[in-house]
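Asker: I'm passing along input07.cif; it holds mmCIF, C-alpha atoms.
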```cif
data_target
#
loop_
_atom_site.label_atom_id
_atom_site.label_comp_id
_atom_site.auth_asym_id
_atom_site.auth_seq_id
_atom_site.Cartn_x
_atom_site.Cartn_y
_atom_site.Cartn_z
CA MET A 1 -2.01 5.00 -19.82
CA ILE A 2 -2.36 2.95 -23.02
CA ARG A 3 0.46 0.62 -21.96
CA TYR A 4 -1.30 -0.09 -18.66
CA LEU A 5 -4.59 -0.87 -20.39
CA LYS A 6 -2.83 -3.13 -22.87
CA GLN A 7 -1.11 -5.14 -20.13
CA ASN A 8 -4.33 -5.38 -18.12
CA LEU A 9 -6.13 -6.78 -21.17
CA TYR A 10 -3.35 -9.37 -21.54
CA ASN A 11 -3.80 -10.30 -17.88
CA LEU A 12 -7.59 -10.58 -18.09
CA ALA A 13 -7.42 -12.60 -21.31
CA GLY A 14 -5.15 -15.15 -19.67
CA ASN A 15 -2.15 -14.37 -21.86
CA ARG A 16 1.37 -13.79 -20.54
CA ALA A 17 0.65 -11.97 -17.29
CA LEU A 18 2.61 -9.30 -15.47
CA PRO A 19 1.35 -7.37 -12.43
CA LEU A 20 0.44 -3.73 -12.84
CA GLU A 21 0.83 -3.16 -9.12
CA LEU A 22 3.73 -4.51 -7.09
CA ILE A 23 4.61 -4.42 -3.39
CA VAL A 24 8.35 -4.63 -2.76
CA PHE A 25 9.72 -5.15 0.74
CA VAL A 26 13.03 -3.38 0.25
CA THR A 27 14.16 -4.37 3.75
CA ASP A 28 12.90 -6.02 6.92
CA ARG A 29 15.04 -3.73 9.10
CA CYS A 30 13.28 -1.16 11.29
CA PRO A 31 14.10 0.94 14.37
CA PHE A 32 10.83 -0.19 15.99
CA THR A 33 9.34 -3.49 17.18
CA CYS A 34 5.62 -2.72 17.01
CA ALA A 35 3.36 -5.38 18.51
CA HIS A 36 0.93 -5.30 15.58
CA CYS A 37 3.55 -5.64 12.82
CA PHE A 38 3.54 -8.97 10.98
CA ILE A 39 7.14 -8.53 9.77
CA ARG A 40 9.64 -10.25 12.03
CA ARG A 41 12.54 -7.82 12.08
CA SER A 42 16.01 -9.18 11.41
CA GLU A 43 19.21 -7.92 12.93
CA ASP A 44 20.55 -4.76 11.34
CA LYS A 45 22.14 -6.58 8.41
CA PRO A 46 21.94 -4.72 5.07
CA ALA A 47 23.17 -7.89 3.35
CA ARG A 48 19.66 -9.31 3.83
CA ASP A 49 18.19 -6.56 1.64
CA LEU A 50 17.63 -6.97 -2.09
CA SER A 51 20.77 -5.82 -3.87
CA LEU A 52 20.63 -3.13 -6.54
CA ASP A 53 21.65 -5.72 -9.15
CA VAL A 54 18.69 -7.95 -8.25
CA ILE A 55 16.37 -4.94 -8.20
CA ASN A 56 17.65 -3.95 -11.63
CA ARG A 57 16.75 -7.38 -13.05
CA LEU A 58 13.33 -7.19 -11.39
CA ALA A 59 12.59 -3.75 -12.81
CA LYS A 60 13.59 -4.80 -16.33
CA ASP A 61 11.07 -7.64 -16.09
CA LEU A 62 8.25 -5.14 -15.38
CA PRO A 63 8.22 -2.55 -18.18
CA ASP A 64 4.59 -1.51 -17.66
CA LEU A 65 4.27 -1.21 -13.89
CA MET A 66 1.48 1.18 -12.93
CA VAL A 67 1.87 1.34 -9.13
CA LEU A 68 5.02 0.52 -7.17
CA MET A 69 4.67 0.26 -3.37
CA LEU A 70 7.95 0.27 -1.44
CA THR A 71 7.65 -0.96 2.12
CA GLY A 72 9.44 -2.90 4.83
CA GLY A 73 10.53 -2.81 7.64
CA GLU A 74 11.29 0.84 7.31
CA PRO A 75 12.26 1.61 3.68
CA PHE A 76 14.32 4.65 4.60
CA VAL A 77 16.82 2.64 6.63
CA ARG A 78 18.24 1.89 3.20
CA GLU A 79 20.59 4.75 2.37
CA ASP A 80 20.40 3.69 -1.27
CA LEU A 81 16.60 4.00 -1.49
CA PRO A 82 16.90 6.81 -4.10
CA GLN A 83 18.91 4.41 -6.30
CA VAL A 84 16.14 1.81 -5.90
CA VAL A 85 13.62 4.38 -7.13
CA ARG A 86 15.91 5.42 -9.98
CA ILE A 87 16.17 1.84 -11.22
CA PHE A 88 12.41 1.32 -11.24
CA SER A 89 11.91 4.73 -12.85
CA GLU A 90 14.30 3.88 -15.69
CA HIS A 91 12.94 0.43 -16.48
CA SER A 92 9.39 0.11 -15.11
CA ARG A 93 8.22 3.76 -15.44
CA PRO A 94 5.47 3.48 -12.79
CA HIS A 95 2.75 6.12 -12.74
CA VAL A 96 2.77 6.11 -8.93
CA ILE A 97 5.55 5.26 -6.47
CA SER A 98 4.27 4.93 -2.92
CA ILE A 99 6.61 4.72 0.07
CA ALA A 100 5.30 3.78 3.51
CA THR A 101 7.28 5.09 6.49
CA ASN A 102 7.09 5.40 10.24
CA GLY A 103 8.60 8.89 9.87
CA PHE A 104 11.20 8.41 12.59
CA LEU A 105 14.41 9.02 10.60
CA THR A 106 13.52 12.61 9.68
CA ASP A 107 16.83 13.82 8.24
CA ARG A 108 17.42 10.71 6.16
CA ILE A 109 13.83 10.68 4.89
CA ILE A 110 13.97 14.29 3.76
CA ARG A 111 17.35 13.83 2.11
CA SER A 112 16.23 10.69 0.29
CA VAL A 113 12.91 12.13 -0.87
CA GLN A 114 14.66 15.27 -2.13
CA ASP A 115 17.12 13.10 -4.08
CA ILE A 116 14.20 11.17 -5.58
CA LEU A 117 12.30 14.29 -6.58
CA THR A 118 15.31 15.90 -8.26
CA MET A 119 16.44 12.90 -10.31
CA LYS A 120 15.66 13.35 -13.99
CA GLN A 121 14.66 9.70 -14.44
CA CYS A 122 11.71 9.95 -12.06
CA LYS A 123 8.48 11.16 -13.73
CA SER A 124 6.19 9.38 -11.26
CA LYS A 125 3.75 10.68 -8.71
CA ILE A 126 5.59 10.21 -5.39
CA ILE A 127 3.45 9.41 -2.35
CA VAL A 128 5.05 9.25 1.09
CA THR A 129 2.64 7.92 3.70
CA VAL A 130 3.43 8.30 7.40
CA SER A 131 1.80 5.72 9.68
CA PHE A 132 0.09 6.41 13.02
CA GLU A 133 -1.78 4.32 15.62
CA GLY A 134 -2.47 6.94 18.30
CA LEU A 135 -1.74 10.35 19.74
CA SER A 136 1.66 10.99 21.31
CA GLN A 137 1.68 8.73 24.37
CA ALA A 138 -0.26 5.85 22.82
CA HIS A 139 1.73 5.96 19.57
CA ASN A 140 5.08 6.09 21.40
CA THR A 141 4.03 3.21 23.66
CA ASN A 142 3.02 1.07 20.71
CA ARG A 143 6.28 1.90 18.89
CA LYS A 144 8.31 1.44 22.08
CA CYS A 145 10.08 4.74 21.44
CA ASP A 146 9.72 8.08 23.26
CA ARG A 147 9.89 10.31 20.18
CA ALA A 148 8.15 8.19 17.55
CA PHE A 149 5.10 10.48 17.30
CA GLU A 150 7.02 13.74 17.47
CA ASN A 151 9.51 12.66 14.81
CA ALA A 152 6.68 11.51 12.53
CA LEU A 153 5.05 14.95 12.73
CA GLU A 154 8.38 16.68 12.15
CA THR A 155 8.97 14.51 9.09
CA ALA A 156 5.52 15.42 7.73
CA LYS A 157 6.28 19.10 8.32
CA GLU A 158 9.58 18.93 6.43
CA LEU A 159 8.01 16.92 3.61
CA GLY A 160 5.39 19.65 3.34
CA LYS A 161 8.15 22.15 2.63
CA LEU A 162 9.39 19.94 -0.20
CA LYS A 163 5.85 19.66 -1.55
CA GLN A 164 5.78 23.42 -2.15
CA SER A 165 8.56 22.97 -4.74
CA PHE A 166 7.59 19.58 -6.16
CA LYS A 167 3.99 19.22 -7.29
CA ASN A 168 4.40 15.49 -7.92
CA LEU A 169 4.82 14.87 -4.17
CA SER A 170 1.90 13.92 -1.93
CA VAL A 171 2.25 13.40 1.81
CA GLY A 172 -0.32 11.20 3.50
CA ALA A 173 -1.16 10.00 7.00
CA ASN A 174 -2.31 6.42 7.42
CA LEU A 175 -4.23 5.39 10.52
CA THR A 176 -4.12 1.75 11.58
CA LEU A 177 -6.96 0.45 13.73
CA ILE A 178 -5.44 -2.08 16.12
CA PRO A 179 -6.64 -3.79 19.32
CA GLY A 180 -6.64 -1.17 22.05
CA ASN A 181 -6.88 2.07 20.06
CA GLU A 182 -10.58 2.06 19.13
CA LYS A 183 -11.43 4.91 21.53
CA ASP A 184 -8.55 7.19 20.53
CA ILE A 185 -8.25 6.78 16.79
CA ILE A 186 -11.08 9.17 15.87
CA GLU A 187 -9.44 11.88 17.97
CA LEU A 188 -6.15 11.10 16.23
CA ALA A 189 -7.78 11.42 12.81
CA TRP A 190 -9.12 14.90 13.54
CA PHE A 191 -5.83 15.98 15.12
CA LEU A 192 -3.92 15.03 11.97
CA GLU A 193 -6.54 16.65 9.73
CA LYS A 194 -6.30 19.92 11.66
CA SER A 195 -2.50 19.87 11.57
CA ASN A 196 -2.62 20.78 7.85
CA LEU A 197 0.49 18.68 7.30
CA PHE A 198 -1.02 16.07 4.99
CA SER A 199 -2.39 15.88 1.46
CA PHE A 200 -4.77 13.09 2.49
CA VAL A 201 -5.66 10.74 5.34
CA SER A 202 -6.16 7.01 4.77
CA HIS A 203 -6.94 4.16 7.14
CA ASN A 204 -6.59 0.44 7.49
CA ILE A 205 -7.43 -2.30 9.94
CA TYR A 206 -5.26 -4.80 11.76
CA ARG A 207 -5.52 -8.01 9.79
CA GLU A 208 -4.93 -11.71 10.05
CA THR A 209 -1.90 -13.13 8.25
CA LYS A 210 -3.96 -15.74 6.44
CA PRO A 211 -6.73 -15.52 3.83
CA MET A 212 -10.42 -16.42 3.98
CA CYS A 213 -10.98 -14.68 7.30
CA ALA A 214 -11.07 -11.29 8.99
CA PHE A 215 -9.58 -10.37 12.36
CA ASP A 216 -12.29 -10.61 15.02
CA GLY A 217 -10.46 -8.70 17.76
CA ILE A 218 -11.81 -5.31 16.60
CA ARG A 219 -15.46 -4.33 16.56
CA PRO A 220 -16.76 -3.82 13.00
CA GLY A 221 -18.57 -0.76 14.31
CA ALA A 222 -15.25 0.82 15.31
CA TYR A 223 -13.95 0.39 11.78
CA ALA A 224 -17.18 1.81 10.33
CA ALA A 225 -16.88 4.87 12.59
CA LEU A 226 -13.29 5.48 11.48
CA SER A 227 -14.29 5.06 7.82
CA LYS A 228 -17.06 7.62 8.25
CA THR A 229 -14.60 10.06 9.83
CA VAL A 230 -12.10 9.68 7.00
CA GLU A 231 -14.92 10.09 4.47
CA GLU A 232 -15.83 13.40 6.12
CA MET A 233 -12.26 14.53 5.53
CA TYR A 234 -12.64 13.91 1.78
CA LYS A 235 -14.69 17.11 1.70
CA LYS A 236 -11.52 19.03 2.53
CA PHE A 237 -8.81 16.96 0.91
CA CYS A 238 -8.06 13.59 -0.61
CA PHE A 239 -5.61 12.03 -3.04
CA ASP A 240 -5.57 13.99 -6.35
CA ALA A 241 -8.67 15.93 -5.31
CA GLY A 242 -10.48 17.57 -8.24
CA SER A 243 -9.06 15.26 -10.91
CA LEU A 244 -10.85 12.33 -12.56
CA LEU A 245 -8.42 10.03 -10.76
CA GLY A 246 -9.33 11.74 -7.49
CA VAL A 247 -13.05 11.17 -8.09
CA TRP A 248 -12.42 7.47 -8.76
CA HIS A 249 -10.16 7.22 -5.71
CA LYS A 250 -12.87 8.65 -3.48
CA MET A 251 -15.49 6.26 -4.87
CA LYS A 252 -13.14 3.30 -4.52
CA GLU A 253 -12.15 4.13 -0.96
CA ARG A 254 -15.79 4.40 0.15
CA TYR A 255 -16.76 1.10 -1.47
CA GLN A 256 -13.61 -0.60 -0.20
CA SER A 257 -14.37 0.51 3.38
CA ASP A 258 -17.88 -0.90 3.06
CA ILE A 259 -16.48 -4.22 1.81
CA ILE A 260 -14.04 -4.46 4.74
CA HIS A 261 -16.78 -3.59 7.23
CA ARG A 262 -19.08 -6.29 5.81
CA THR A 263 -16.22 -8.81 5.68
CA CYS A 264 -15.45 -8.25 9.38
CA ARG A 265 -19.12 -8.51 10.27
CA GLU A 266 -20.02 -11.51 8.11
CA GLN A 267 -16.67 -13.33 7.71
CA ARG A 268 -17.32 -14.16 4.06
CA TYR A 269 -16.55 -13.24 0.44
CA GLN A 270 -18.13 -9.94 -0.65
CA GLY A 271 -18.16 -10.31 -4.43
CA VAL A 272 -14.82 -8.74 -5.42
CA SER A 273 -12.69 -11.00 -7.61
CA CYS A 274 -9.16 -10.87 -6.21
CA GLU A 275 -6.33 -9.80 -8.54
CA ALA A 276 -3.61 -11.28 -6.31
CA GLY A 277 -1.25 -13.34 -8.42
CA ARG A 278 -2.37 -11.65 -11.63
CA GLY A 279 -2.69 -7.86 -11.39
CA ILE A 280 -0.77 -7.42 -8.13
CA GLY A 281 1.99 -9.31 -6.35
CA VAL A 282 4.65 -9.18 -3.66
CA VAL A 283 8.45 -9.45 -3.62
CA TYR A 284 10.11 -9.82 -0.23
CA ASN A 285 13.51 -8.50 0.78
CA ASP A 286 15.01 -11.99 0.54
CA GLY A 287 13.79 -12.35 -3.05
CA ARG A 288 10.77 -14.60 -2.44
CA VAL A 289 7.73 -13.97 -4.63
CA ALA A 290 4.13 -14.28 -3.44
CA PRO A 291 0.70 -13.50 -4.93
CA CYS A 292 -0.18 -11.57 -1.76
CA GLU A 293 0.92 -11.06 1.83
CA MET A 294 -1.66 -13.53 3.12
CA LEU A 295 -0.36 -16.54 1.19
CA PRO A 296 2.94 -18.47 1.34
CA ALA A 297 5.83 -16.82 -0.52
CA ASP A 298 6.63 -20.03 -2.36
CA TRP A 299 6.16 -19.03 -6.00
CA GLY A 300 9.89 -18.68 -6.58
CA ASN A 301 12.86 -16.46 -5.77
CA ILE A 302 14.20 -13.69 -7.99
CA HIS A 303 17.74 -14.43 -6.84
CA MET A 304 17.53 -17.64 -8.84
CA THR A 305 14.84 -17.06 -11.50
CA GLY A 306 13.57 -14.02 -13.38
CA PHE A 307 10.34 -12.50 -12.08
CA SER A 308 8.49 -12.88 -15.37
CA GLU A 309 9.39 -16.57 -15.53
CA ILE A 310 8.20 -17.08 -11.95
CA TRP A 311 4.96 -15.15 -12.50
CA ASN A 312 4.08 -17.07 -15.66
CA ASP A 313 5.09 -20.51 -14.44
CA GLU A 314 2.23 -22.88 -15.32
CA LYS A 315 1.76 -23.95 -11.69
CA ASN A 316 1.60 -20.33 -10.50
CA ARG A 317 -0.88 -19.34 -13.23
CA LYS A 318 -3.12 -22.17 -12.03
CA ARG A 319 -2.78 -21.07 -8.42
CA SER A 320 -3.69 -17.52 -9.42
CA ARG A 321 -6.88 -18.71 -11.14
CA THR A 322 -7.76 -20.81 -8.09
CA LEU A 323 -7.74 -17.69 -5.89
CA ARG A 324 -10.59 -16.30 -7.99
CA THR A 325 -12.58 -19.50 -8.51
CA GLU A 326 -12.45 -20.29 -4.78
CA LYS A 327 -13.51 -16.70 -4.01
CA CYS A 328 -10.56 -15.94 -1.73
CA PHE A 329 -11.15 -12.93 0.52
CA CYS A 330 -9.46 -10.84 3.21
CA THR A 331 -9.41 -7.25 4.52
CA HIS A 332 -6.06 -6.25 3.00
CA GLU A 333 -6.55 -2.76 1.58
CA CYS A 334 -3.76 -2.94 -1.03
CA PHE A 335 -5.19 -6.05 -2.67
CA LEU A 336 -8.79 -4.88 -2.50
CA SER A 337 -7.71 -1.59 -4.07
CA ALA A 338 -5.85 -3.33 -6.90
CA SER A 339 -8.81 -5.63 -7.53
CA LEU A 340 -11.15 -2.65 -7.81
CA ASN A 341 -8.68 -0.76 -10.02
CA LEU A 342 -7.98 -3.58 -12.45
CA HIS A 343 -11.09 -5.75 -12.85
CA PRO A 344 -13.89 -4.25 -15.03
CA VAL A 345 -16.69 -6.09 -13.22
CA SER A 346 -15.42 -4.93 -9.83
CA MET A 347 -15.13 -1.37 -11.16
CA MET A 348 -18.77 -1.49 -12.29
CA LYS A 349 -19.85 -2.84 -8.90
CA CYS A 350 -17.99 0.00 -7.20
CA MET A 351 -19.63 2.67 -9.35
CA GLY A 352 -23.06 1.07 -8.92
CA TRP A 353 -22.67 0.94 -5.14
CA ASN A 354 -21.70 4.63 -5.03
CA VAL A 355 -24.69 5.63 -7.16
CA ARG A 356 -27.10 3.61 -5.00
CA ASP A 357 -25.55 5.02 -1.82
CA ALA A 358 -25.85 8.59 -3.12
CA ILE A 359 -29.53 8.04 -4.05
CA GLY A 360 -30.19 6.48 -0.65
CA ARG A 361 -28.67 9.48 1.12
CA ASP A 362 -30.88 11.86 -0.81
#
```
Go ahead and express the file in the form of structure tokens.

Answerer:
Amino acid sequence: MIRYLKQNLYNLAGNRALPLELIVFVTDRCPFTCAHCFIRRSEDKPARDLSLDVINRLAKDLPDLMVLMLTGGEPFVREDLPQVVRIFSEHSRPHVISIATNGFLTDRIIRSVQDILTMKQCKSKIIVTVSFEGLSQAHNTNRKCDRAFENALETAKELGKLKQSFKNLSVGANLTLIPGNEKDIIELAWFLEKSNLFSFVSHNIYRETKPMCAFDGIRPGAYAALSKTVEEMYKKFCFDAGSLLGVWHKMKERYQSDIIHRTCREQRYQGVSCEAGRGIGVVYNDGRVAPCEMLPADWGNIHMTGFSEIWNDEKNRKRSRTLRTEKCFCTHECFLSASLNLHPVSMMKCMGWNVRDAIGRD
């Protein structure tokens, strides 16, 4: 933990910066073509994915990574995903490795996760989060696949068996609120909670692919209702429940949901200084680097230049500062979460909001 605090102090002081949280699109390939997905899937060409050599150079540039988020596309279409994790484990030593999946490729997912959990290099907390947008028929329709929902549940069931042997594995369900599923998503949330297949349930909202706005095609009240439902589930289970980290996670999630609700309702900045481009960043499967998923991926390309050099380029440092001085905002949960995790003022605001909310409830 000391190494994370040290790097965060470097970042906040304006010295040589490196992100503590990183989103890596390991592929843009996926068996589905979901209408709400902002990734434009390529043909099934593994050559488009980041090679292991490029990933190795990236990992060596990030010796103090705290959270690594592997996404896509569907990460598990890469048969070498365990090797990707091994490389980051050897060089970046992240505290948490999170892998988002649609859960469709059950056998491959279980095999890959088992390989990850049994490798001696990996000391991280492994979180596999399965995504859902509806119950069986609605989910399958959205995914344009007859067995998308059933396979996702089967994957969660098999991951649960692994969890019995590996205490560093957490299996989550993530609910995405999209246009058209407002009426069904609460029912979905309770169905997944009662299934007893998941360590926690999280939620997010369909978002614009540009900053300084929030998607207006979903009622803010629908998001608030889903947030309240997920909060009720915290009484039974949540990420790292019972630990100090779990207490902070619960506080952060509640405050984050309130921020997103107010952003959707008011379409304006809500007082959280964004860490995009400083404490958190993005690397795409073609090597492009971006401060966040909302902004152009034009900072550089790790195929041609080392990540650290790109991140600390004078022009990119200036652009990062501009994001905070111009009070950039969005409803992207990953970047709000990182901003609350890494900025002391935002952390204090979060704790203060939770205290005031608790007093108000009493």

Asker: List the residues matched by the PyMOL selection byres ((chain A and resi 85) around 12) in the displayed structure as an NGL selection string, ordered by chain and then by residue number.

Answerer: :A and (24 or 26 or 52 or 55-56 or 59 or 68-70 or 75-76 or 78-84 or 86-94 or 96-99 or 112-113 or 115-126)

Asker: List the neighbours of A:Thr141 out to 12 Å using all atoms listed in the file; skip same-chain residues closer than 5 positions along the sequence, and give me the result as a list in words.

Answerer: Phe32, Thr33, Cys34, Ala35, Phe132, Glu133, Gly134, Leu135, Ser136, Asp146, Arg147, Ala148, Phe149, Gly180 and Asn181 of chain A

Asker: Go through A:Val128, A:Val171, A:Ile310, A:Cys330 one by one, measure the shortest atom-to-atom distance of each to A:Glu208 using all atoms listed in the file, and give the residue with the smallest value.

Answerer: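 The closest residue to A:Glu208 is A:Cys330.
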
Asker: Since I can't run it myself right now, could you work out what the PyMOL selection byres ((chain A and resi 61) around 10) selects here and report it as a PyMOL selection string?

Answerer: chain A and resi 18+55-60+62-65+91-92+306-309

Asker: For the residues in that selection, give me C-alpha atoms as a PDB file, in the frame of the given file.

Answerer:
```
ATOM      1  CA  LEU A  18       2.610  -9.300 -15.470  1.00  0.00           C
ATOM      2  CA  ILE A  55      16.370  -4.940  -8.200  1.00  0.00           C
ATOM      3  CA  ASN A  56      17.650  -3.950 -11.630  1.00  0.00           C
ATOM      4  CA  ARG A  57      16.750  -7.380 -13.050  1.00  0.00           C
ATOM      5  CA  LEU A  58      13.330  -7.190 -11.390  1.00  0.00           C
ATOM      6  CA  ALA A  59      12.590  -3.750 -12.810  1.00  0.00           C
ATOM      7  CA  LYS A  60      13.590  -4.800 -16.330  1.00  0.00           C
ATOM      8  CA  LEU A  62       8.250  -5.140 -15.380  1.00  0.00           C
ATOM      9  CA  PRO A  63       8.220  -2.550 -18.180  1.00  0.00           C
ATOM     10  CA  ASP A  64       4.590  -1.510 -17.660  1.00  0.00           C
ATOM     11  CA  LEU A  65       4.270  -1.210 -13.890  1.00  0.00           C
ATOM     12  CA  HIS A  91      12.940   0.430 -16.480  1.00  0.00           C
ATOM     13  CA  SER A  92       9.390   0.110 -15.110  1.00  0.00           C
ATOM     14  CA  GLY A 306      13.570 -14.020 -13.380  1.00  0.00           C
ATOM     15  CA  PHE A 307      10.340 -12.500 -12.080  1.00  0.00           C
ATOM     16  CA  SER A 308       8.490 -12.880 -15.370  1.00  0.00           C
ATOM     17  CA  GLU A 309       9.390 -16.570 -15.530  1.00  0.00           C
TER      18      GLU A 309
END
```

Asker: For the PyMOL selection byres ((chain A and resi 261-269) around 12), applied here, can you spell out every residue it catches as a PyMOL selection string?

Answerer: chain A and resi 204-208+211-228+254-260+270-274+323-333+336

Asker: Would you pick out the contacts of A:Ala156 at 8 Å or less, using all atoms listed in the file, so that residues sharing its chain but fewer than 6 positions from it are not included, and give the list as a VMD selection string?

Answerer: chain A and resid 103 130 171 197 to 198

Asker: Any idea what the distance is between atom CA of A:Glu158 and atom CA of A:Arg108?

Answerer: 11.4 Å
